[in-house]
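To keep things clear, I will list the structure first and then write my remarks on it.
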Amino acid sequence: MENNTQKANITVLGSFVVDLMSRTPHLPVPGETVLGGPFKLGPGGKGSNQATAAARAGANVVMCTKLGQDEFAKIALDNFTREGINTEHVYQDSRYETGVALIMVDEDAENMIVVAIGANNYITKEEVYQLEGKIAQSQVLLTQLETNIDAVIHAVDIAKAQHVPVILNPAPIQPIPDDLLAKVDILTPNETEAEKLTNMKIKSLEDAKAAGSILLDKGVKNVVITLGKNGALIVNKQKVEHVPAVKVDPVDTTGAGDAFNGGLAVALAEGKDLAKAVEFANYLAALSVTKVGTAPSMPLRKEIDDFMHKTR
Ligand code: RIB
């Protein structure tokens, strides 16, 4: 981080799940068993990954999530402690299991994921409102759809009341009420999510622009559609801007979207404009796909700054 840059405060409301990941020569078709390996178990979940990305990129991060009271919960707490993430709003409930994700990654670095969100589905309104003071002190609220949507709605309402910008990463995709979309400052769907939200196919930048416009009509202020190796497209009322991806050789693309969202939140919280913030986020995503895993693949700020310096 540049010395004169103020450290950003970011609140993340989102999931923690334990990732159970196996490499596989190819992704199985229905009914097929594939001999895979090696196997890895570690911290994951879109909320936790994005919090980890933001913390490693240099922000003060407060995490709000819900865990069970089981062995997997310890993996979450160890991860948050190791990454210096504030855990005052990490709740535990013995009635539910800590979430898990079953992840397969093939030789082309593509993945398939089934996520059983467990305790993440039971964050209460009271628990979200306990976060009010932390959201008020943040420059950005970052959230996703891997918890109960009511919790997301309450957190967004708090942020709006406090004039704190909201980034909603609509993943995993599910129907989003229009009045929630209308409160979102930056919506960050990938291509598939943008297709589902707009009911249209995206095969080109022109299509992505059209999808972005549909989402603007629903009241979203800025849409940033992530396009994998084709970078990202910013669509808002003032402009449409394509920000190219940074070229790397990927080994595992799982968590690239999380790296992007964590990086985007940090850059915006530090005061960068949206195009510069998306460029910064692209660097995080590129670095993350050069390593195996999700949270463990998030780059440190020094790596990001060095990489930007080298490739620009
Ligand atoms: O975005 C990647 C994450 O999605 C994985 O860590 C997995 O937990 C799923 O939630």
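Going by the structure tokens order, chains are called A, B, ..., each with residues numbered from 1, while ligands are numbered from 1 in the order shown.
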
Requested in this report: Per DSSP on the backbone, filter stretch 110-190 of chain A down to the residues in alpha helix (DSSP H) and report them as a PyMOL selection string.
Outcome: chain A and resi 125-129+132-136+149-161+178-181

Query raised in the report: Within 6 Å of ligand 1, counting only C-alpha atoms and all ligand atoms: which residues, as a PyMOL selection string?
Result: chain A and resi 17+19+44-46+101+115+254-255+258+294

Query raised in the report: Excluding same-chain residues fewer than 6 positions from A:Ser48, what lies within 10 Å of it counting only C-alpha atoms, as a ChimeraX atom specification?
Result: /A:12-17,54,63-65,76,79-80,85,258,262,294-295

Keeping C-alpha atoms for every residue in the selection just given, could you write it to a file as a JSON list (two decimals), in the first residue's frame?
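Ended up saving to selection.json:
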```
[["chain", "number", "residue", "atom", "x", "y", "z"],
["A", 12, "VAL", "CA", -18.51, -7.95, 5.16],
["A", 13, "LEU", "CA", -21.82, -9.68, 5.82],
["A", 14, "GLY", "CA", -21.56, -13.12, 4.31],
["A", 15, "SER", "CA", -20.86, -16.81, 4.51],
["A", 16, "PHE", "CA", -18.15, -18.98, 5.93],
["A", 17, "VAL", "CA", -18.02, -22.57, 4.70],
["A", 54, "ALA", "CA", -9.82, -7.42, 1.57],
["A", 63, "MET", "CA", -16.89, -10.02, 9.38],
["A", 64, "CYS", "CA", -20.48, -10.92, 10.21],
["A", 65, "THR", "CA", -21.37, -14.57, 9.67],
["A", 76, "ALA", "CA", -13.32, -20.34, 10.49],
["A", 79, "ASN", "CA", -8.76, -18.22, 9.60],
["A", 80, "PHE", "CA", -10.25, -14.93, 10.84],
["A", 85, "ILE", "CA", -10.31, -10.01, 10.73],
["A", 258, "ASP", "CA", -14.09, -13.37, -4.36],
["A", 262, "GLY", "CA", -12.50, -8.04, -1.97],
["A", 294, "THR", "CA", -9.80, -20.06, -2.28],
["A", 295, "ALA", "CA", -8.91, -18.09, 0.88]]
```

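Atom pair atom CA of A:Ala53 / atom CA of A:Ile75 has a distance of 16.8 Å (rounded to one decimal).
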
**Report entry** A:Glu107 surroundings by only C-alpha atoms, 10 Å radius, close-in-sequence under 2 positions cut, as a list in words
**Finding:** Arg23, Thr24, Pro25, His26, Leu27, Val105, Ala109, Glu110, Asn111, Val251 and Asp252 of chain A

File of the preceding selection, C-alpha atoms, as an mmCIF file, in the first residue's frame:
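File out.cif, as written:
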```
data_model
loop_
_atom_site.group_PDB
_atom_site.id
_atom_site.type_symbol
_atom_site.label_atom_id
_atom_site.label_comp_id
_atom_site.auth_asym_id
_atom_site.auth_seq_id
_atom_site.Cartn_x
_atom_site.Cartn_y
_atom_site.Cartn_z
ATOM 1 C CA ARG A 23 -8.653 -32.083 -8.371
ATOM 2 C CA THR A 24 -10.150 -34.240 -11.101
ATOM 3 C CA PRO A 25 -8.973 -35.075 -14.643
ATOM 4 C CA HIS A 26 -12.399 -33.939 -15.857
ATOM 5 C CA LEU A 27 -15.633 -32.773 -14.229
ATOM 6 C CA VAL A 105 -11.408 -28.533 -10.116
ATOM 7 C CA ALA A 109 -8.716 -24.966 -13.834
ATOM 8 C CA GLU A 110 -12.524 -24.942 -14.254
ATOM 9 C CA ASN A 111 -14.674 -25.851 -11.267
ATOM 10 C CA VAL A 251 -4.214 -23.293 -12.116
ATOM 11 C CA ASP A 252 -7.484 -22.928 -10.176
#
```

Report task. Show which residues sit within 8 Å of A:Ala151, as number ranges by chain. Count only C-alpha atoms, and ignore same-chain residues fewer than 3 positions away. Result -> A: 123-125, 128, 147-148, 154-155

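If you measure from each of A:Val18, A:Ala136, A:Leu181, A:Ala161 to A:Ile117 using only C-alpha atoms, the closest one turns out to be A:Val18.
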